[in-house]
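So this block is query_20.csv, CSV, C-alpha atoms:
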```csv
chain,number,residue,atom,x,y,z
A,206,MET,CA,77.9,87.0,119.5
A,207,ALA,CA,79.3,90.2,118.1
A,208,LYS,CA,78.9,92.9,120.7
A,209,TYR,CA,82.0,95.0,120.1
A,210,PRO,CA,83.1,97.5,117.5
A,211,ALA,CA,84.2,95.5,114.5
A,212,THR,CA,88.0,95.7,113.8
A,213,ASP,CA,89.4,96.1,110.3
A,214,MET,CA,90.3,92.4,110.2
A,215,ASP,CA,86.7,91.4,111.3
A,216,ARG,CA,85.4,93.4,108.4
A,217,THR,CA,87.9,91.8,105.9
A,218,PHE,CA,87.1,88.2,106.9
A,219,TRP,CA,83.3,88.9,107.1
A,220,ALA,CA,83.4,90.4,103.6
A,221,LEU,CA,85.2,87.3,102.3
A,222,ALA,CA,82.8,84.9,104.0
A,223,ASP,CA,80.4,85.0,101.0
A,224,PRO,CA,80.8,83.4,97.6
A,225,THR,CA,79.2,86.3,95.7
A,226,ARG,CA,81.5,88.8,97.3
A,227,ARG,CA,84.5,86.6,96.6
A,228,GLY,CA,83.2,86.2,93.1
A,229,VAL,CA,83.0,90.0,92.7
A,230,LEU,CA,86.6,90.4,93.7
A,231,GLU,CA,87.7,87.6,91.3
A,232,ARG,CA,85.8,89.4,88.4
A,233,LEU,CA,87.4,92.7,89.3
A,234,MET,CA,90.8,91.1,89.3
A,235,ASP,CA,90.3,90.0,85.7
A,236,GLU,CA,88.4,93.1,84.6
A,237,PRO,CA,89.0,96.3,86.6
A,238,GLY,CA,86.4,99.1,86.4
A,239,LEU,CA,83.3,97.0,85.8
A,240,SER,CA,80.0,98.8,86.4
A,241,VAL,CA,77.6,97.9,89.2
A,242,SER,CA,75.1,96.8,86.5
A,243,ASP,CA,77.7,94.5,84.9
A,244,LEU,CA,78.4,92.9,88.2
A,245,ALA,CA,74.7,92.5,89.0
A,246,GLY,CA,74.3,90.8,85.6
A,247,THR,CA,77.2,88.5,86.1
A,248,PHE,CA,75.8,87.2,89.4
A,249,SER,CA,72.1,87.3,88.3
A,250,LEU,CA,71.3,89.8,91.0
A,251,LYS,CA,69.1,92.9,91.0
A,252,LEU,CA,70.9,96.2,91.5
A,253,PRO,CA,69.9,96.6,95.2
A,254,GLY,CA,71.1,93.1,96.0
A,255,MET,CA,74.5,93.8,94.3
A,256,THR,CA,74.7,97.2,96.0
A,257,LYS,CA,74.4,95.5,99.4
A,258,HIS,CA,77.3,93.2,98.7
A,259,LEU,CA,79.3,96.1,97.3
A,260,ASP,CA,78.6,98.1,100.5
A,261,VAL,CA,80.1,95.3,102.6
A,262,LEU,CA,83.1,95.1,100.4
A,263,SER,CA,83.5,98.9,100.5
A,264,ASP,CA,83.2,99.0,104.3
A,265,ALA,CA,86.0,96.5,104.4
A,266,GLY,CA,88.1,98.7,102.1
A,267,LEU,CA,88.3,95.9,99.5
A,268,ILE,CA,86.8,97.9,96.6
A,269,THR,CA,86.5,101.5,95.5
A,270,ARG,CA,83.5,103.0,93.6
A,271,SER,CA,83.7,106.0,91.3
A,272,LYS,CA,80.8,107.6,89.6
A,273,THR,CA,80.9,109.1,86.1
A,274,GLY,CA,77.5,110.4,85.0
A,275,ARG,CA,75.1,107.6,85.8
A,276,THR,CA,77.7,104.8,85.7
A,277,VAL,CA,79.5,103.6,88.9
A,278,ALA,CA,82.8,101.9,88.1
A,279,VAL,CA,84.1,99.4,90.7
A,280,ASN,CA,87.7,98.6,91.3
A,281,LEU,CA,89.7,96.2,93.5
A,282,SER,CA,91.5,97.6,96.6
A,283,PRO,CA,93.2,94.5,97.9
A,284,ALA,CA,95.4,96.1,100.6
A,285,PRO,CA,93.3,94.8,103.6
A,286,MET,CA,93.9,91.3,102.4
A,287,ARG,CA,97.5,91.7,103.3
A,288,ASP,CA,96.8,91.9,107.0
A,289,ALA,CA,94.4,88.9,106.8
A,290,MET,CA,97.1,87.0,105.0
A,291,ALA,CA,99.8,88.0,107.5
A,292,TRP,CA,97.5,86.7,110.3
A,293,LEU,CA,96.9,83.4,108.5
A,294,ASN,CA,100.6,83.1,107.7
A,295,ARG,CA,101.5,82.5,111.4
A,296,TYR,CA,99.7,79.1,111.2
A,297,GLU,CA,101.5,77.9,108.1
A,298,ARG,CA,104.1,76.0,110.1
A,299,PHE,CA,101.3,74.0,111.7
A,300,TRP,CA,99.7,72.7,108.5
A,301,THR,CA,103.2,72.2,107.1
A,302,VAL,CA,104.1,70.0,110.1
A,303,SER,CA,100.9,68.1,109.7
A,304,LEU,CA,101.6,67.4,106.0
A,305,ASP,CA,105.2,66.3,106.8
A,306,ARG,CA,103.8,63.9,109.4
A,307,LEU,CA,101.3,62.6,106.8
A,308,ALA,CA,104.1,62.1,104.2
A,309,ALA,CA,106.2,60.3,106.9
A,310,LEU,CA,103.2,58.0,107.6
A,311,VAL,CA,102.7,57.2,104.0
A,312,GLU,CA,106.4,56.4,103.6
A,313,GLU,CA,106.2,54.1,106.6
A,314,GLU,CA,103.2,52.3,105.1
A,315,GLU,CA,105.0,51.9,101.8
A,316,THR,CA,108.2,50.5,103.4
A,317,PRO,CA,107.9,46.7,103.4
B,391,MET,CA,72.1,88.0,102.2
B,392,ALA,CA,73.2,84.4,102.8
B,393,LYS,CA,70.6,82.2,101.1
B,394,TYR,CA,72.8,79.4,99.9
B,395,PRO,CA,74.4,76.4,101.6
B,396,ALA,CA,77.6,77.7,103.1
B,397,THR,CA,80.8,76.5,101.5
B,398,ASP,CA,83.9,75.4,103.4
B,399,MET,CA,85.6,78.7,102.6
B,400,ASP,CA,82.5,80.7,103.8
B,401,ARG,CA,82.7,78.9,107.1
B,402,THR,CA,86.5,79.5,107.4
B,403,PHE,CA,86.3,83.2,106.7
B,404,TRP,CA,83.1,83.6,108.9
B,405,ALA,CA,84.8,81.8,111.8
B,406,LEU,CA,87.8,84.2,111.5
B,407,ALA,CA,85.6,87.3,111.4
B,408,ASP,CA,85.6,87.6,115.2
B,409,PRO,CA,88.4,88.7,117.5
B,410,THR,CA,87.5,86.2,120.2
B,411,ARG,CA,87.6,83.3,117.8
B,412,ARG,CA,90.9,84.5,116.3
B,413,GLY,CA,92.1,84.9,119.9
B,414,VAL,CA,91.2,81.3,120.7
B,415,LEU,CA,93.2,80.1,117.7
B,416,GLU,CA,96.2,82.2,118.8
B,417,ARG,CA,96.0,80.8,122.4
B,418,LEU,CA,95.8,77.2,121.0
B,419,MET,CA,98.8,77.8,118.8
B,420,ASP,CA,100.9,78.7,121.9
B,421,GLU,CA,99.2,76.2,124.2
B,422,PRO,CA,97.6,73.1,122.6
B,423,GLY,CA,95.0,71.1,124.5
B,424,LEU,CA,93.6,73.9,126.6
B,425,SER,CA,90.3,73.1,128.3
B,426,VAL,CA,87.1,74.9,127.4
B,427,SER,CA,87.1,76.4,131.0
B,428,ASP,CA,90.7,77.7,130.5
B,429,LEU,CA,89.6,79.3,127.2
B,430,ALA,CA,86.5,80.8,128.8
B,431,GLY,CA,88.6,82.2,131.6
B,432,THR,CA,91.1,83.8,129.2
B,433,PHE,CA,88.5,85.7,127.4
B,434,SER,CA,86.3,86.5,130.4
B,435,LEU,CA,83.4,84.5,129.0
B,436,LYS,CA,81.0,82.1,130.6
B,437,LEU,CA,81.1,78.5,129.4
B,438,PRO,CA,78.0,78.7,127.1
B,439,GLY,CA,79.4,81.9,125.4
B,440,MET,CA,82.8,80.2,124.8
B,441,THR,CA,81.0,77.0,123.7
B,442,LYS,CA,79.1,79.0,121.0
B,443,HIS,CA,82.4,80.3,119.6
B,444,LEU,CA,84.0,76.9,119.7
B,445,ASP,CA,81.0,75.5,117.8
B,446,VAL,CA,81.6,78.0,115.0
B,447,LEU,CA,85.3,77.1,114.9
B,448,SER,CA,84.5,73.4,115.0
B,449,ASP,CA,82.0,73.7,112.2
B,450,ALA,CA,84.7,75.4,110.1
B,451,GLY,CA,87.1,72.5,110.9
B,452,LEU,CA,89.5,74.9,112.6
B,453,ILE,CA,89.6,73.1,116.0
B,454,THR,CA,89.0,69.6,117.4
B,455,ARG,CA,87.6,68.8,120.8
B,456,SER,CA,88.2,65.7,122.8
B,457,LYS,CA,86.6,64.8,126.1
B,458,THR,CA,88.4,63.0,128.9
B,459,GLY,CA,86.1,62.5,132.0
B,460,ARG,CA,84.6,66.0,132.5
B,461,THR,CA,87.3,67.9,130.8
B,462,VAL,CA,87.1,68.9,127.1
B,463,ALA,CA,90.6,69.6,125.5
B,464,VAL,CA,90.6,71.9,122.5
B,465,ASN,CA,93.2,71.6,119.7
B,466,LEU,CA,94.1,73.6,116.6
B,467,SER,CA,93.2,72.1,113.2
B,468,PRO,CA,94.6,74.7,110.8
B,469,ALA,CA,94.2,72.9,107.5
B,470,PRO,CA,91.2,74.9,106.3
B,471,MET,CA,93.3,78.1,106.6
B,472,ARG,CA,95.4,76.8,103.7
B,473,ASP,CA,92.5,77.1,101.2
B,474,ALA,CA,91.7,80.6,102.6
B,475,MET,CA,95.4,81.6,102.2
B,476,ALA,CA,95.6,80.1,98.7
B,477,TRP,CA,92.5,82.2,97.7
B,478,LEU,CA,94.1,85.4,99.2
B,479,ASN,CA,97.4,84.6,97.6
B,480,ARG,CA,96.0,85.3,94.1
B,481,TYR,CA,95.7,88.9,95.0
B,482,GLU,CA,99.2,89.4,96.3
B,483,ARG,CA,100.5,90.7,93.0
B,484,PHE,CA,97.9,93.5,93.1
B,485,TRP,CA,99.1,94.9,96.4
B,486,THR,CA,102.7,94.4,95.5
B,487,VAL,CA,102.1,96.4,92.3
B,488,SER,CA,100.4,99.1,94.4
B,489,LEU,CA,103.4,99.3,96.8
B,490,ASP,CA,105.8,99.4,93.8
B,491,ARG,CA,103.8,102.3,92.4
B,492,LEU,CA,103.9,104.1,95.8
B,493,ALA,CA,107.7,103.6,96.0
B,494,ALA,CA,108.1,105.0,92.5
B,495,LEU,CA,106.0,108.0,93.4
B,496,VAL,CA,108.0,108.7,96.6
B,497,GLU,CA,111.2,108.5,94.5
B,498,GLU,CA,109.8,110.9,91.9
B,499,GLU,CA,108.9,113.3,94.8
B,500,GLU,CA,112.5,113.1,96.2
B,501,THR,CA,114.2,113.7,92.8
B,502,PRO,CA,114.9,117.5,92.6
```
Please express what this file holds, its structure, as structure tokens.
Amino acid sequence: MAKYPATDMDRTFWALADPTRRGVLERLMDEPGLSVSDLAGTFSLKLPGMTKHLDVLSDAGLITRSKTGRTVAVNLSPAPMRDAMAWLNRYERFWTVSLDRLAALVEEEETP
Amino acid sequence: MAKYPATDMDRTFWALADPTRRGVLERLMDEPGLSVSDLAGTFSLKLPGMTKHLDVLSDAGLITRSKTGRTVAVNLSPAPMRDAMAWLNRYERFWTVSLDRLAALVEEEETP
């Protein structure tokens, strides 16, 4: 279905649509600068498999990689999440309204 | 890379990783209950193309469809966005910190 150049937000949401990639971001939040091998080990992946995931995260601007000798350190770069969150934020009033309506219904049920 | 049963959050982020699908949600926010034909027209798509996008949104629980006669009305169902936003929210302090650091740097530059 995707026959257009991907926008930044497409890349952000696509990068987040995978539990391993979200897991990598969670790990990096707790422990910045982990190596690619550390991350591969954590998720029981071989290096090429982890590298593919890191490529997707890097294309989305969600991580940075820096090489020192033979070690590649990975760091979180969460700025693109801000746009994604701003987009989602516009819908907040809709789910808030729905929850309010639910609360009102529960109250009605409880009133004798 | 995806060789696992997709989680709810995978489906949410995947559904949002497309400008047409995000556009459909935006249209439905402004005008609830639009028909599939209305939506197809808005995005210059044929009915089957729009239906594929609506299937992805529906699988993610982001829209509901209800049929009356030959017309299918589409409505927003934004609850799954809440989990996605809660997930993103955990990273807010990181980009806030980065912005603070940037502001501090600008201030340093400006100090003679």
Chain A contacts on chain B, all atoms listed in the file, 6 Å, as JSON, numbers by chain: {"B": [400, 403, 404, 407, 408, 468, 469, 485]}
For Leu424 (chain B): contacts at 12 Å, all atoms listed in the file, fewer than 6 positions along chain excluded, given as an MDAnalysis selection string: chainID B and resid 414:418 430:432 453:457 461:466
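When CA of Met440 (chain B) is paired with CA of Gly423 (chain B), their separation reads 15.2 Å.
Between CA of Leu437 (chain B) and CA of Arg460 (chain B) the interatomic distance comes to 13.3 Å.
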Length of the CA of Leu267 (chain A) to CA of Glu498 (chain B) vector [Å]: 27.3 Å
